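The structure appears right after this line, and notes come after that.
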Amino acid sequence: MENKKTVNINIKQYSMVIALIAIFALFYFMTGGKNATSTNINNLVMQNGYVVILATGMLLCVLTGNVDLGVGSIVALSGAVAALMVVDNGMSVPVAFLAALGVGLISGVFTGFFISVLGIPPFVVTLATMLMGRGLTYTFLQARTVGPLPTNYTRFGSGFFFTKQIPFGDGKLDLVCIAVAAIATILIILSEMRSISTKKKYGFATNPMWQVAVKLVIILAIVWFFFYKLATYNGIPIVLIIMGVIVGIYHFITSKTVAGRQVYALGGNAKAARLSGINTKFVFFWVYANMGLLAAVAGIVLSARNAAATPKAGDGFELDAIGSCYIGGAAAAGGVGTIIGAVVGAFVMGILNNGMSLVGWSTDLQKVVKGAVLLGAVTFDIVSNSKKS
Amino acid sequence: MSDLILEMKHITKEFTGVKALDDVNLKVKRGEIHALCGENGAGKSTLMNVLSGTYPFGTYSGDIVYNGDVAKFHKIKDSEAKGIVIIHQELALSPYLSIAENVFMGNERMNIKGVIDWTKTRSEAKEMLAKVGLENEDLNAPINSLGVGKQQLIEIAKALAKKVDLLILDEPTAALNDEESAQLLEIMLQLKKQGITCIIISHKLNEISYVADSITVIRDGKTIETLVKGVDEFTEDRIIKGMVGRELTNRYPERTDCPIGDTILEVNNWNVYHPEDPHRQMLKNVSFHVKAGEVVGLAGLMGAGRTELAMSIFGREYGQKISGEIKMHGKPIQIKSVQDAINNKIAYTSEDRKTYGLVLIDDIKRNMTMAALRHYFSKNGVVNSNDEIVAAEKYKKLINVKANSIDQTVGSLSGGNQQKVVLAKWMLTEPDVLILDEPTRGIDVGAKYEIYCAINDLAKAGKAVIVISSEMPEIIGTCDRTYVLNEGQIAGELSKEELTQEGIMKCIMQHNGKGE
């Protein structure tokens with residue numbers, strides 16, 4: 001064991017990323033390349049931003065072995081509150097955003113209180129918040145669409161980060177995108193090198209050089225493809241920044257912090273976690289309170305993209321978010337799953353949606369396909385794991 | 001040949017390259033009680049799973065000859081149809097269904113196809129219960145109203161309802177106390193009189209030498225020998241020799257060079273009430289103390305309140321209306337949560353490692369650092385994963401956890417190795433007091449020895465160790481001093497010299513006498 005200094009990269013770890021690329025390639029051929037245009041790549045980001053945000057929060061709930069069914073309603077409710085304050089009451093956008101985040105946090109705290117302090121099953125509590133949130137949204141909006149929202153509001157859904165465009169070929173090229181891609185390249189390579197050197201320092205097994213190289217080339221190719229497409233459109237969408245920051249924070253929390261580790265321990269075995277000194281009630285509380293807050297962020301982004309708040313906004317988002325987690329390898333029983341997995345899962349769903357729309361399939365058929373993909377991904381995961389043992 | 005009910009010939013079973021069974025031979029005579037012995041992971045359960053069809057015909061090589069014919073079982077139902085019934089270690093009962101329903105679970109009494117005949121179910125259930133000495137139980141009571149011992153007997157009744165010829169019992173007494181175990185063994189002897197053949201897997205060698213007619217010892221997937229009552233030597237030491245391949249001259253390693261220091265933990269007038277019933281007092285005025293470098297035993301019958309005592313001290317995880325005083329190093333402390341207990345350097349390993357000790361789907365490393373993560377492996381809430389790996393590697397080596405790597409999931413380890421992971425988890429919190437609740441339950445002789453060595457090392461390092469155990473030889477073999485608990489009270493305190501099985505039992509009996 002000790003003298004074995006290299007181990008192969010576990011390819012299964014990347015199976016969903018490979019599936020993502022495969023699905024994208026499939027639709028590339030089916031649509032004659034329409035899904036790889038700059039406009040469409042930009043749309044992919046903007047259309048899936050809120051699902052990604054919800055999926056990061058949902059992953060924590062799924063890790064505890066539960067789900068939050070109320071997020072779709074909280075998305076609608078927080079968006080409605082912000083839009084009403086801006087449109088009907090003429091308040092400033094930052095105040096409205098704070099109020100929306102407050103609404104999300106309060107509903108999260110409400111959910112968390114019932115789950116952790118009173119011990120009510122999360123499924124029941126969040127089914128209730130789903131109904132209550134939707135009902136409140138209709139009440140506040142009086143069942144109408146509130147809009148249009150001002151541009152300093154909508155830029156958080158459909159706006160772009162500041163750009164420095166130069167003429168390029170037939171169109172233009174945003175240098176900020178290129179700079180970000182370059183920085184990302186350096187950071188990715190540096191972090192890989194650092195991880196190899198610490199592994200060597202502690203005498204752990206490393207991956208063979210050629211495998212690391214292949215991995216890096218694929219990752220960098222995706223990064224460059226993605227940012228090049230954005231650069232030839234309008235630059236970096238603000239949604240992408242919000243999304244990136246949130247994914248980064250929660251990836252850090254789940255993989256590197258004690259708090260994150262406690263969520264995994266709780267999901268794996270709640271009794272053992274409690275007897276190891278983990279305050280399981282508090283873990284439940286913050287996980288659900290946090291979900292409320294992230295639902296509000298998604299609510300702001302969604303209403304900004306639609307330039308209006310509608311009573312039906314966010315309908316069914318909870319299922320997209322839960323589905324993303326499961327596709328991304330999270331276990332329904334809890335204790336297993338990663339943020340990156342959930343994000344990949346969200347994009348698998350997003351690319352499917354987008355590709356099928358471009359091909360011209362009806363939304364009815366799209367649902368069938370999405371359901372089949374969800375079932376297929378989880379079945380593959382479970383069957384391939386049970387074969388291993 | 002006709003007196004053999006079962007002959008398993010040259011059975012070999014592989015799991016992805018690992019030979020779990022390697023040319024195993026087993027001959028069981030009709031009407032005998034045949035014991036299978038071996039350390040954990042030796043292949044006993046695998047062999048029985050091959051026999052019962054859990055691993056279907058074709059996934060192993062070799063022949064199973066049952067009642068003179070070569071048997072080809074493709075699923076469990078096939079073997080059950082021939083009268084082979086296996087009772088697993090984990091009970092297969094549905095907790096909220098009635099006794100009668102459980103007896104016929106999967107084997108329902110029906111009048112028309114698919115419709116249950118309740119009259120027949122009840123009357124036949126009564127018959128089956130009488131055979132296992134439970135004729136006085138209410139047939140309609142839910143199973144979870146019975147104790148584990150009786151539930152185990154219900155399992156046997158369930159097997160009898162399937163018209164069993166060959167009954168296989170996998171660790172039937174692992175969760176039972178001495179009295180319940182004795183009752184179960186008597187029932188096995190009665191079944192033998194009725195002509196039912198039994199195969200029993202057990203770690204409790206005293207029970208085996210009492211009840212078995214012959215013993216087959218398996219080690220590392222191979223049959224070592226078969227001992228026959230009246231022909232071969234049939235003592236525990238003889239069986240152990242076969243199991244480990246050497247003679248364990250002393251099952252309990254000696255603790256030398258271990259000076260006893262000052263009192264570390266002191267508990268005074270500890271009173272605890274039942275968590276659901278505020279009028280039922282579970283512990284009455286319990287006082288005890290442990291010194292540095294000392295191993296103190298908590299003996300007593302099941303239900304005496306030993307686990308309740310430990311859990312109520314360890315962050316009030318058991319009971320309500322708790323009163324009393326806890327002192328560490330002479331200073332009174334307040335413990336209101338498990339976190340408080342850990343901060344005060346108290347550690348507790350549960351008697352049920354799978355339910356309360358481990359996250360089975362997680363790896364060795366994360367399980368080991370679970371309790372110590374906040375204090376020793378993180379800075380400002382961020383985990384230092386390199387330190388974590390180094391510590392896990394160190395403890396894996398230190399207490400000899402047998403695993404491919406620290407990234408292996410704990411659920412795939414044997415019981416003994418799981419117990420070592422639990423021990424490492426609490427050693428990593430650097431406690432002054434360790435309360436070990438049934439530290440060797442259900443683990444093999446070799447792993448037990450290693451756990452005892454670890455206990456000795458802890459004592460030598462100046463820790464105070466409390467060992468709770470239902471196995472009196474274990475208490476006698478490991479402890480410097482022992483408290484005997486009975487009905488929630490300290491019935492007596494025995495020094496090393498006074499510590500014998502008789503001494504403990506006498507203590508309990510005298511205390512019972514006083515109570516009445």
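By convention in this document, the chains of the structure tokens carry letters A, B, ... by their order, each chain's residues are numbered from 1, and ligands are numbered from 1 in the order they are shown.
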Would you please give, as an MDAnalysis selection string, all residues of segment 226-291 of chain B that DSSP assigns to alpha helix (DSSP H) based on the backbone? chainID B and resid 236:244
Give me the residues within 10 Å of Val28 of chain B as a PDB file with all heavy atoms, in the first residue's frame, counting only C-alpha atoms and dropping any in the same chain fewer than 2 places off.
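Final output, out_11.pdb:
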```
ATOM      1  N   ASP B   3     -27.245 -41.095   7.299  1.00  0.00           N
ATOM      2  CA  ASP B   3     -27.407 -40.299   8.518  1.00  0.00           C
ATOM      3  C   ASP B   3     -26.904 -38.880   8.340  1.00  0.00           C
ATOM      4  O   ASP B   3     -27.012 -38.062   9.240  1.00  0.00           O
ATOM      5  CB  ASP B   3     -26.693 -40.976   9.702  1.00  0.00           C
ATOM      6  CG  ASP B   3     -25.197 -40.987   9.526  1.00  0.00           C
ATOM      7  OD1 ASP B   3     -24.740 -40.991   8.354  1.00  0.00           O
ATOM      8  OD2 ASP B   3     -24.487 -40.972  10.538  1.00  0.00           O
ATOM      9  N   LEU B   4     -26.371 -38.562   7.163  1.00  0.00           N
ATOM     10  CA  LEU B   4     -25.983 -37.172   6.906  1.00  0.00           C
ATOM     11  C   LEU B   4     -27.157 -36.428   6.280  1.00  0.00           C
ATOM     12  O   LEU B   4     -27.674 -36.837   5.244  1.00  0.00           O
ATOM     13  CB  LEU B   4     -24.801 -37.120   5.934  1.00  0.00           C
ATOM     14  CG  LEU B   4     -23.426 -37.480   6.466  1.00  0.00           C
ATOM     15  CD1 LEU B   4     -22.391 -37.252   5.381  1.00  0.00           C
ATOM     16  CD2 LEU B   4     -23.069 -36.688   7.697  1.00  0.00           C
ATOM     17  N   ILE B   5     -27.588 -35.356   6.915  1.00  0.00           N
ATOM     18  CA  ILE B   5     -28.653 -34.551   6.305  1.00  0.00           C
ATOM     19  C   ILE B   5     -28.055 -33.622   5.258  1.00  0.00           C
ATOM     20  O   ILE B   5     -28.660 -33.327   4.240  1.00  0.00           O
ATOM     21  CB  ILE B   5     -29.449 -33.762   7.377  1.00  0.00           C
ATOM     22  CG1 ILE B   5     -30.617 -33.019   6.738  1.00  0.00           C
ATOM     23  CG2 ILE B   5     -28.562 -32.792   8.141  1.00  0.00           C
ATOM     24  CD1 ILE B   5     -31.604 -32.479   7.715  1.00  0.00           C
ATOM     25  N   LEU B   6     -26.832 -33.200   5.522  1.00  0.00           N
ATOM     26  CA  LEU B   6     -26.220 -32.212   4.638  1.00  0.00           C
ATOM     27  C   LEU B   6     -24.739 -32.496   4.486  1.00  0.00           C
ATOM     28  O   LEU B   6     -24.039 -32.803   5.456  1.00  0.00           O
ATOM     29  CB  LEU B   6     -26.386 -30.809   5.239  1.00  0.00           C
ATOM     30  CG  LEU B   6     -25.627 -29.698   4.527  1.00  0.00           C
ATOM     31  CD1 LEU B   6     -26.317 -29.317   3.241  1.00  0.00           C
ATOM     32  CD2 LEU B   6     -25.486 -28.482   5.422  1.00  0.00           C
ATOM     33  N   GLU B   7     -24.314 -32.422   3.258  1.00  0.00           N
ATOM     34  CA  GLU B   7     -22.873 -32.473   3.032  1.00  0.00           C
ATOM     35  C   GLU B   7     -22.521 -31.401   2.010  1.00  0.00           C
ATOM     36  O   GLU B   7     -23.073 -31.368   0.913  1.00  0.00           O
ATOM     37  CB  GLU B   7     -22.467 -33.861   2.524  1.00  0.00           C
ATOM     38  CG  GLU B   7     -20.957 -33.997   2.466  1.00  0.00           C
ATOM     39  CD  GLU B   7     -20.503 -35.402   2.106  1.00  0.00           C
ATOM     40  OE1 GLU B   7     -21.361 -36.247   1.818  1.00  0.00           O
ATOM     41  OE2 GLU B   7     -19.283 -35.620   2.103  1.00  0.00           O
ATOM     42  N   MET B   8     -21.641 -30.502   2.403  1.00  0.00           N
ATOM     43  CA  MET B   8     -21.179 -29.480   1.467  1.00  0.00           C
ATOM     44  C   MET B   8     -19.772 -29.871   1.063  1.00  0.00           C
ATOM     45  O   MET B   8     -18.892 -30.049   1.916  1.00  0.00           O
ATOM     46  CB  MET B   8     -21.201 -28.099   2.117  1.00  0.00           C
ATOM     47  CG  MET B   8     -22.609 -27.680   2.514  1.00  0.00           C
ATOM     48  SD  MET B   8     -22.701 -26.048   3.282  1.00  0.00           S
ATOM     49  CE  MET B   8     -22.741 -24.999   1.847  1.00  0.00           C
ATOM     50  N   LEU B  26     -18.213 -29.532   4.732  1.00  0.00           N
ATOM     51  CA  LEU B  26     -19.001 -29.542   5.958  1.00  0.00           C
ATOM     52  C   LEU B  26     -19.949 -30.730   5.909  1.00  0.00           C
ATOM     53  O   LEU B  26     -20.664 -30.930   4.924  1.00  0.00           O
ATOM     54  CB  LEU B  26     -19.794 -28.226   6.054  1.00  0.00           C
ATOM     55  CG  LEU B  26     -20.761 -28.100   7.230  1.00  0.00           C
ATOM     56  CD1 LEU B  26     -19.996 -27.991   8.534  1.00  0.00           C
ATOM     57  CD2 LEU B  26     -21.649 -26.861   7.049  1.00  0.00           C
ATOM     58  N   ARG B  30     -27.883 -35.947  10.688  1.00  0.00           N
ATOM     59  CA  ARG B  30     -29.292 -35.698  10.954  1.00  0.00           C
ATOM     60  C   ARG B  30     -29.538 -35.649  12.462  1.00  0.00           C
ATOM     61  O   ARG B  30     -29.082 -36.518  13.201  1.00  0.00           O
ATOM     62  CB  ARG B  30     -30.141 -36.800  10.326  1.00  0.00           C
ATOM     63  CG  ARG B  30     -31.624 -36.507  10.312  1.00  0.00           C
ATOM     64  CD  ARG B  30     -32.403 -37.599   9.633  1.00  0.00           C
ATOM     65  NE  ARG B  30     -31.910 -37.871   8.269  1.00  0.00           N
ATOM     66  CZ  ARG B  30     -32.184 -37.102   7.207  1.00  0.00           C
ATOM     67  NH1 ARG B  30     -32.954 -36.062   7.335  1.00  0.00           N
ATOM     68  NH2 ARG B  30     -31.700 -37.415   6.034  1.00  0.00           N
ATOM     69  N   GLY B  31     -30.234 -34.634  12.882  1.00  0.00           N
ATOM     70  CA  GLY B  31     -30.658 -34.547  14.275  1.00  0.00           C
ATOM     71  C   GLY B  31     -29.616 -34.025  15.248  1.00  0.00           C
ATOM     72  O   GLY B  31     -29.810 -34.048  16.454  1.00  0.00           O
ATOM     73  N   GLU B  32     -28.512 -33.511  14.737  1.00  0.00           N
ATOM     74  CA  GLU B  32     -27.510 -32.987  15.664  1.00  0.00           C
ATOM     75  C   GLU B  32     -27.537 -31.455  15.691  1.00  0.00           C
ATOM     76  O   GLU B  32     -28.183 -30.817  14.852  1.00  0.00           O
ATOM     77  CB  GLU B  32     -26.109 -33.455  15.266  1.00  0.00           C
ATOM     78  CG  GLU B  32     -25.565 -32.779  14.023  1.00  0.00           C
ATOM     79  CD  GLU B  32     -24.076 -33.011  13.830  1.00  0.00           C
ATOM     80  OE1 GLU B  32     -23.410 -33.507  14.745  1.00  0.00           O
ATOM     81  OE2 GLU B  32     -23.576 -32.671  12.746  1.00  0.00           O
ATOM     82  N   ILE B  33     -26.858 -30.940  16.680  1.00  0.00           N
ATOM     83  CA  ILE B  33     -26.611 -29.499  16.694  1.00  0.00           C
ATOM     84  C   ILE B  33     -25.152 -29.318  16.314  1.00  0.00           C
ATOM     85  O   ILE B  33     -24.256 -29.811  16.993  1.00  0.00           O
ATOM     86  CB  ILE B  33     -26.899 -28.881  18.073  1.00  0.00           C
ATOM     87  CG1 ILE B  33     -28.374 -29.028  18.411  1.00  0.00           C
ATOM     88  CG2 ILE B  33     -26.491 -27.408  18.073  1.00  0.00           C
ATOM     89  CD1 ILE B  33     -28.762 -28.445  19.745  1.00  0.00           C
ATOM     90  N   HIS B  34     -24.964 -28.657  15.181  1.00  0.00           N
ATOM     91  CA  HIS B  34     -23.614 -28.529  14.636  1.00  0.00           C
ATOM     92  C   HIS B  34     -23.194 -27.068  14.711  1.00  0.00           C
ATOM     93  O   HIS B  34     -23.888 -26.199  14.213  1.00  0.00           O
ATOM     94  CB  HIS B  34     -23.627 -29.009  13.181  1.00  0.00           C
ATOM     95  CG  HIS B  34     -22.253 -29.247  12.625  1.00  0.00           C
ATOM     96  ND1 HIS B  34     -21.791 -30.504  12.353  1.00  0.00           N
ATOM     97  CD2 HIS B  34     -21.263 -28.396  12.307  1.00  0.00           C
ATOM     98  CE1 HIS B  34     -20.544 -30.403  11.887  1.00  0.00           C
ATOM     99  NE2 HIS B  34     -20.210 -29.131  11.858  1.00  0.00           N
ATOM    100  N   ALA B  35     -22.079 -26.817  15.349  1.00  0.00           N
ATOM    101  CA  ALA B  35     -21.646 -25.427  15.485  1.00  0.00           C
ATOM    102  C   ALA B  35     -20.587 -25.085  14.440  1.00  0.00           C
ATOM    103  O   ALA B  35     -19.779 -25.928  14.082  1.00  0.00           O
ATOM    104  CB  ALA B  35     -21.085 -25.199  16.882  1.00  0.00           C
ATOM    105  N   TYR B  66     -27.954 -32.514  -0.123  1.00  0.00           N
ATOM    106  CA  TYR B  66     -28.936 -32.368   0.944  1.00  0.00           C
ATOM    107  C   TYR B  66     -29.902 -33.538   0.868  1.00  0.00           C
ATOM    108  O   TYR B  66     -30.502 -33.790  -0.181  1.00  0.00           O
ATOM    109  CB  TYR B  66     -29.676 -31.043   0.766  1.00  0.00           C
ATOM    110  CG  TYR B  66     -30.711 -30.774   1.828  1.00  0.00           C
ATOM    111  CD1 TYR B  66     -30.332 -30.565   3.153  1.00  0.00           C
ATOM    112  CD2 TYR B  66     -32.066 -30.755   1.516  1.00  0.00           C
ATOM    113  CE1 TYR B  66     -31.274 -30.336   4.127  1.00  0.00           C
ATOM    114  CE2 TYR B  66     -33.011 -30.513   2.489  1.00  0.00           C
ATOM    115  CZ  TYR B  66     -32.612 -30.307   3.796  1.00  0.00           C
ATOM    116  OH  TYR B  66     -33.550 -30.072   4.764  1.00  0.00           O
ATOM    117  N   LEU B 166     -33.812 -28.288   8.706  1.00  0.00           N
ATOM    118  CA  LEU B 166     -32.460 -27.840   9.036  1.00  0.00           C
ATOM    119  C   LEU B 166     -32.535 -26.346   9.354  1.00  0.00           C
ATOM    120  O   LEU B 166     -32.822 -25.539   8.490  1.00  0.00           O
ATOM    121  CB  LEU B 166     -31.522 -28.090   7.843  1.00  0.00           C
ATOM    122  CG  LEU B 166     -30.087 -27.586   7.996  1.00  0.00           C
ATOM    123  CD1 LEU B 166     -29.395 -28.233   9.178  1.00  0.00           C
ATOM    124  CD2 LEU B 166     -29.297 -27.833   6.722  1.00  0.00           C
ATOM    125  N   THR B 197     -32.573 -30.619  12.838  1.00  0.00           N
ATOM    126  CA  THR B 197     -31.123 -30.428  12.833  1.00  0.00           C
ATOM    127  C   THR B 197     -30.829 -28.932  12.897  1.00  0.00           C
ATOM    128  O   THR B 197     -31.522 -28.141  12.265  1.00  0.00           O
ATOM    129  CB  THR B 197     -30.526 -31.008  11.534  1.00  0.00           C
ATOM    130  OG1 THR B 197     -31.097 -32.289  11.310  1.00  0.00           O
ATOM    131  CG2 THR B 197     -29.034 -31.109  11.626  1.00  0.00           C
ATOM    132  N   CYS B 198     -29.827 -28.581  13.669  1.00  0.00           N
ATOM    133  CA  CYS B 198     -29.487 -27.155  13.792  1.00  0.00           C
ATOM    134  C   CYS B 198     -28.024 -26.917  13.418  1.00  0.00           C
ATOM    135  O   CYS B 198     -27.155 -27.716  13.756  1.00  0.00           O
ATOM    136  CB  CYS B 198     -29.660 -26.675  15.229  1.00  0.00           C
ATOM    137  SG  CYS B 198     -31.326 -26.300  15.664  1.00  0.00           S
ATOM    138  N   ILE B 199     -27.802 -25.810  12.725  1.00  0.00           N
ATOM    139  CA  ILE B 199     -26.429 -25.315  12.578  1.00  0.00           C
ATOM    140  C   ILE B 199     -26.398 -23.979  13.299  1.00  0.00           C
ATOM    141  O   ILE B 199     -27.236 -23.118  13.054  1.00  0.00           O
ATOM    142  CB  ILE B 199     -26.047 -25.116  11.101  1.00  0.00           C
ATOM    143  CG1 ILE B 199     -26.088 -26.444  10.350  1.00  0.00           C
ATOM    144  CG2 ILE B 199     -24.665 -24.485  10.999  1.00  0.00           C
ATOM    145  CD1 ILE B 199     -25.780 -26.314   8.864  1.00  0.00           C
ATOM    146  N   SER B 214     -21.238 -31.414  17.498  1.00  0.00           N
ATOM    147  CA  SER B 214     -19.956 -31.352  16.811  1.00  0.00           C
ATOM    148  C   SER B 214     -19.699 -29.917  16.367  1.00  0.00           C
ATOM    149  O   SER B 214     -20.634 -29.125  16.230  1.00  0.00           O
ATOM    150  CB  SER B 214     -19.910 -32.306  15.623  1.00  0.00           C
ATOM    151  OG  SER B 214     -21.070 -32.166  14.858  1.00  0.00           O
ATOM    152  N   ILE B 215     -18.441 -29.629  16.165  1.00  0.00           N
ATOM    153  CA  ILE B 215     -18.034 -28.261  15.853  1.00  0.00           C
ATOM    154  C   ILE B 215     -17.124 -28.293  14.633  1.00  0.00           C
ATOM    155  O   ILE B 215     -16.174 -29.075  14.592  1.00  0.00           O
ATOM    156  CB  ILE B 215     -17.248 -27.634  17.027  1.00  0.00           C
ATOM    157  CG1 ILE B 215     -18.115 -27.599  18.285  1.00  0.00           C
ATOM    158  CG2 ILE B 215     -16.763 -26.236  16.662  1.00  0.00           C
ATOM    159  CD1 ILE B 215     -17.354 -27.194  19.517  1.00  0.00           C
ATOM    160  N   THR B 216     -17.441 -27.465  13.630  1.00  0.00           N
ATOM    161  CA  THR B 216     -16.517 -27.316  12.511  1.00  0.00           C
ATOM    162  C   THR B 216     -15.883 -25.945  12.612  1.00  0.00           C
ATOM    163  O   THR B 216     -16.572 -24.938  12.781  1.00  0.00           O
ATOM    164  CB  THR B 216     -17.247 -27.473  11.166  1.00  0.00           C
ATOM    165  OG1 THR B 216     -17.745 -28.811  11.081  1.00  0.00           O
ATOM    166  CG2 THR B 216     -16.306 -27.224  10.005  1.00  0.00           C
TER     167      THR B 216
END
```
Residues of chain B near chain A: apply a cut-off of 9 Å, count only C-alpha atoms, and supply the list as a PyMOL selection string. chain B and resi 15-16+314-315+317+337-342+348-350+353-362+366-367+370-374+377-378+380-386+389-390+404-405+412+425-426
Just list the residues in segment 103-191 of chain A DSSP gives strand (DSSP E) on the backbone, as a short mmCIF file (atom, residue, chain, number, x, y, z; two decimals) with C-alpha atoms, in the first residue's frame.
```
data_model
loop_
_atom_site.label_atom_id
_atom_site.label_comp_id
_atom_site.auth_asym_id
_atom_site.auth_seq_id
_atom_site.Cartn_x
_atom_site.Cartn_y
_atom_site.Cartn_z
CA GLN A 165 -15.07 45.12 -26.41
CA ILE A 166 -12.82 45.17 -29.46
CA PRO A 167 -13.78 44.41 -33.05
CA PHE A 168 -13.19 40.77 -33.85
CA GLY A 171 -18.48 40.96 -34.57
CA LYS A 172 -16.77 41.94 -31.38
CA LEU A 173 -14.79 40.33 -28.60
CA ASP A 174 -14.99 41.12 -24.89
#
```
Residues within 7 Å of Leu77 of chain A, only C-alpha atoms, excluding chain neighbours under 6 positions, as number ranges by chain: A: 133-134, 136-137
I want to know what sits within 8 Å of segment 126-132 of chain B, based on only C-alpha atoms, with residues of the same chain fewer than 3 positions away left out; could you give that as an MDAnalysis selection string? chainID B and resid 100 122:123 135 139 153:154 156:158 160:161 187
Best match for closeness to Tyr326 of chain A among A:Gly135, A:Gly65, A:Gly159, A:Gly292, counting only C-alpha atoms: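 Selected residue with least distance to Tyr326 of chain A: A:Gly65.
Ranking B:Ala391, B:Val65, B:Leu134, B:Leu176 by their shortest atom-to-atom distance to Ser470 of chain B, with only C-alpha atoms included, puts B:Leu176 first.
Separating atom CA of Pro253 of chain B from atom CA of Glu450 of chain B is a distance of 8.9 Å.
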Considering only C-alpha atoms, return as a ChimeraX atom specification whatever protein or nucleic-acid residues lie within 10 Å of Ile242 of chain A, sequence-local ones (same chain, fewer than 3 positions apart) excluded. /A:49-50,53,156-157,237-239,245-248,297-298,301
Need to verify the contact set: segment 23-25 of chain A, 12 Å, only C-alpha atoms, exclusion of same-chain residues closer than 6 positions in sequence. Can you return it as a ChimeraX atom specification? /A:16-17,31-36,40-41,44,222,347-356,373
